[in-house]
Amino acid sequence: MRKDELQTPPTSFRYAAALVSAMLVSSLPLPALSQSVELVVVDVHSVAEGYRASKLIGSSVVNDQNEKIGTVEDIIIGKDKVLFAVLQVGGFLRIGGRMVAVPFQSLVLENNGTKIKLPGATQEALKKLPEFKYAG
């Protein structure tokens, strides 16, 4: 055996090493590509004058005759970004009632949200709506 043969690995070994290296590199996670996010400046004073969900939840809902017809249990943002109000109807002290969902836009908020109306609704009509249940 010559001296230069000892220093150079056989071709099949070099091929195998290259193949293993390529497999290892291909299994590494790809670098994250940066995504640009466009931030929009909002009028924070206008936002601050809006209605806080945390303040609306637990509030009574009345109809046109000022009769209590339910309580706001939750506010849900649909996957299509449409807002819904979950109301508890009936029951006593928020126990034993039935939950229904109504479009948030159908509610009329008065006196900075301290009075919530659902025009044209009655407790009986709300009880006939499909019962709302949280997913998973």
# chains A, B, ... in the order shown; residues from 1 in each chain; ligands from 1
call {"tool": "select_by_dssp", "arguments": {"residues": "segment 91-127 of chain A", "states": "alpha helix (DSSP H)", "output": "short mmCIF file (atom, residue, chain, number, x, y, z; two decimals) with C-alpha atoms, in the first residue's frame"}}
result
data_model
loop_
_atom_site.label_atom_id
_atom_site.label_comp_id
_atom_site.auth_asym_id
_atom_site.auth_seq_id
_atom_site.Cartn_x
_atom_site.Cartn_y
_atom_site.Cartn_z
CA GLN A 123 -88.25 35.91 27.35
CA GLU A 124 -90.58 33.33 25.76
CA ALA A 125 -89.24 34.05 22.25
CA LEU A 126 -85.64 33.79 23.46
CA LYS A 127 -86.37 30.43 25.13
#
call {"tool": "closest_residue", "arguments": {"among": "A:His45, A:Arg98, A:Lys55, A:Lys79", "to": "Glu131 of chain A", "atoms": "only C-alpha atoms"}}
result
A:Arg98
call {"tool": "atom_distance", "arguments": {"atom1": "atom CA of Gly136 of chain A", "atom2": "atom CA of Thr71 of chain A"}}
result
23.0 Å
call {"tool": "residues_around", "arguments": {"residues": "Phe84 of chain A", "least_positions_apart": "4", "cutoff": "10 Å", "atoms": "only C-alpha atoms", "output": "mmCIF file with N, CA, C and O atoms, in the first residue's frame"}}
result
data_model
loop_
_atom_site.group_PDB
_atom_site.id
_atom_site.type_symbol
_atom_site.label_atom_id
_atom_site.label_comp_id
_atom_site.auth_asym_id
_atom_site.auth_seq_id
_atom_site.Cartn_x
_atom_site.Cartn_y
_atom_site.Cartn_z
ATOM 1 N N ASP A 74 -71.767 36.093 28.071
ATOM 2 C CA ASP A 74 -70.481 36.093 27.389
ATOM 3 C C ASP A 74 -70.611 36.879 26.094
ATOM 4 O O ASP A 74 -71.716 37.117 25.606
ATOM 5 N N ILE A 75 -69.479 37.268 25.553
ATOM 6 C CA ILE A 75 -69.421 37.881 24.234
ATOM 7 C C ILE A 75 -68.406 37.072 23.444
ATOM 8 O O ILE A 75 -67.283 36.850 23.906
ATOM 9 N N ILE A 76 -68.831 36.598 22.291
ATOM 10 C CA ILE A 76 -67.986 35.699 21.506
ATOM 11 C C ILE A 76 -67.679 36.327 20.155
ATOM 12 O O ILE A 76 -68.558 36.905 19.513
ATOM 13 N N ILE A 77 -66.428 36.211 19.760
ATOM 14 C CA ILE A 77 -66.007 36.653 18.437
ATOM 15 C C ILE A 77 -66.002 35.417 17.552
ATOM 16 O O ILE A 77 -65.238 34.479 17.796
ATOM 17 N N GLY A 78 -66.877 35.394 16.554
ATOM 18 C CA GLY A 78 -66.942 34.254 15.643
ATOM 19 C C GLY A 78 -65.687 34.176 14.791
ATOM 20 O O GLY A 78 -64.916 35.133 14.693
ATOM 21 N N VAL A 100 -78.648 31.292 25.086
ATOM 22 C CA VAL A 100 -78.896 31.476 23.665
ATOM 23 C C VAL A 100 -77.903 32.509 23.132
ATOM 24 O O VAL A 100 -77.355 33.305 23.899
ATOM 25 N N ALA A 101 -77.671 32.482 21.838
ATOM 26 C CA ALA A 101 -76.770 33.450 21.217
ATOM 27 C C ALA A 101 -77.571 34.371 20.304
ATOM 28 O O ALA A 101 -78.451 33.920 19.575
ATOM 29 N N VAL A 102 -77.260 35.648 20.376
ATOM 30 C CA VAL A 102 -77.880 36.633 19.485
ATOM 31 C C VAL A 102 -76.764 37.482 18.881
ATOM 32 O O VAL A 102 -75.712 37.660 19.496
ATOM 33 N N PRO A 103 -76.984 37.997 17.678
ATOM 34 C CA PRO A 103 -75.965 38.885 17.109
ATOM 35 C C PRO A 103 -75.775 40.107 18.013
ATOM 36 O O PRO A 103 -76.758 40.720 18.459
ATOM 37 N N PHE A 104 -74.546 40.438 18.294
ATOM 38 C CA PHE A 104 -74.261 41.563 19.180
ATOM 39 C C PHE A 104 -74.856 42.857 18.634
ATOM 40 O O PHE A 104 -75.335 43.694 19.383
ATOM 41 N N GLN A 105 -74.863 42.994 17.313
ATOM 42 C CA GLN A 105 -75.372 44.224 16.707
ATOM 43 C C GLN A 105 -76.865 44.423 16.934
ATOM 44 O O GLN A 105 -77.381 45.527 16.758
ATOM 45 N N SER A 106 -77.579 43.369 17.348
ATOM 46 C CA SER A 106 -79.006 43.524 17.616
ATOM 47 C C SER A 106 -79.260 44.137 18.996
ATOM 48 O O SER A 106 -80.374 44.544 19.290
ATOM 49 N N LEU A 107 -78.230 44.218 19.821
ATOM 50 C CA LEU A 107 -78.373 44.852 21.135
ATOM 51 C C LEU A 107 -78.247 46.360 20.992
ATOM 52 O O LEU A 107 -77.474 46.858 20.165
#
call {"tool": "residues_around", "arguments": {"residues": "segment 116-120 of chain A", "least_positions_apart": "6", "cutoff": "9 Å", "atoms": "only C-alpha atoms", "output": "VMD selection string"}}
result
chain A and resid 56 59 to 66 69 106 to 110
call {"tool": "write_last_selection", "arguments": {"atoms": "N, CA and C atoms", "output": "PDB file, in the first residue's frame"}}
result
ATOM      1  N   LEU A  56     -69.785  44.576  30.311  1.00  0.00           N
ATOM      2  CA  LEU A  56     -71.091  44.178  29.795  1.00  0.00           C
ATOM      3  C   LEU A  56     -71.524  42.811  30.321  1.00  0.00           C
ATOM      4  N   SER A  59     -74.471  41.936  32.878  1.00  0.00           N
ATOM      5  CA  SER A  59     -75.497  42.980  32.827  1.00  0.00           C
ATOM      6  C   SER A  59     -76.842  42.400  32.418  1.00  0.00           C
ATOM      7  N   SER A  60     -77.893  43.024  32.917  1.00  0.00           N
ATOM      8  CA  SER A  60     -79.251  42.629  32.550  1.00  0.00           C
ATOM      9  C   SER A  60     -79.573  43.139  31.156  1.00  0.00           C
ATOM     10  N   VAL A  61     -80.406  42.382  30.464  1.00  0.00           N
ATOM     11  CA  VAL A  61     -80.903  42.776  29.140  1.00  0.00           C
ATOM     12  C   VAL A  61     -82.410  42.934  29.270  1.00  0.00           C
ATOM     13  N   VAL A  62     -82.918  44.062  28.759  1.00  0.00           N
ATOM     14  CA  VAL A  62     -84.350  44.330  28.846  1.00  0.00           C
ATOM     15  C   VAL A  62     -84.923  44.466  27.437  1.00  0.00           C
ATOM     16  N   ASN A  63     -86.257  44.397  27.346  1.00  0.00           N
ATOM     17  CA  ASN A  63     -86.923  44.590  26.058  1.00  0.00           C
ATOM     18  C   ASN A  63     -87.481  46.004  25.982  1.00  0.00           C
ATOM     19  N   ASP A  64     -88.318  46.264  24.982  1.00  0.00           N
ATOM     20  CA  ASP A  64     -88.884  47.603  24.786  1.00  0.00           C
ATOM     21  C   ASP A  64     -89.762  48.055  25.949  1.00  0.00           C
ATOM     22  N   GLN A  65     -90.360  47.109  26.650  1.00  0.00           N
ATOM     23  CA  GLN A  65     -91.231  47.439  27.778  1.00  0.00           C
ATOM     24  C   GLN A  65     -90.445  47.516  29.092  1.00  0.00           C
ATOM     25  N   ASN A  66     -89.114  47.502  28.980  1.00  0.00           N
ATOM     26  CA  ASN A  66     -88.211  47.567  30.126  1.00  0.00           C
ATOM     27  C   ASN A  66     -88.342  46.353  31.046  1.00  0.00           C
ATOM     28  N   ILE A  69     -85.265  40.399  30.343  1.00  0.00           N
ATOM     29  CA  ILE A  69     -85.465  39.179  29.545  1.00  0.00           C
ATOM     30  C   ILE A  69     -84.246  38.257  29.580  1.00  0.00           C
ATOM     31  N   SER A 106     -77.579  43.369  17.348  1.00  0.00           N
ATOM     32  CA  SER A 106     -79.006  43.524  17.616  1.00  0.00           C
ATOM     33  C   SER A 106     -79.260  44.137  18.996  1.00  0.00           C
ATOM     34  N   LEU A 107     -78.230  44.218  19.821  1.00  0.00           N
ATOM     35  CA  LEU A 107     -78.373  44.852  21.135  1.00  0.00           C
ATOM     36  C   LEU A 107     -78.247  46.360  20.992  1.00  0.00           C
ATOM     37  N   VAL A 108     -79.005  47.083  21.805  1.00  0.00           N
ATOM     38  CA  VAL A 108     -78.911  48.541  21.848  1.00  0.00           C
ATOM     39  C   VAL A 108     -78.315  48.891  23.208  1.00  0.00           C
ATOM     40  N   LEU A 109     -77.153  49.537  23.170  1.00  0.00           N
ATOM     41  CA  LEU A 109     -76.460  49.919  24.406  1.00  0.00           C
ATOM     42  C   LEU A 109     -76.753  51.388  24.691  1.00  0.00           C
ATOM     43  N   GLU A 110     -77.289  51.645  25.883  1.00  0.00           N
ATOM     44  CA  GLU A 110     -77.630  53.010  26.275  1.00  0.00           C
ATOM     45  C   GLU A 110     -76.896  53.369  27.553  1.00  0.00           C
TER      46      GLU A 110
END
call {"tool": "atom_distance", "arguments": {"atom1": "atom CA of Val86 of chain A", "atom2": "atom CA of Val42 of chain A"}}
result
28.0 Å
call {"tool": "closest_residue", "arguments": {"among": "A:Leu39, A:Ala53, A:Ala85, A:Ala135", "to": "Thr114 of chain A", "atoms": "only C-alpha atoms"}}
result
A:Ala53
call {"tool": "select_by_dssp", "arguments": {"residues": "segment 74-126 of chain A", "states": "strand (DSSP E or B)", "output": "ChimeraX atom specification"}}
result
/A:74-77,83-89,92,95,98-103,108-110,115-117
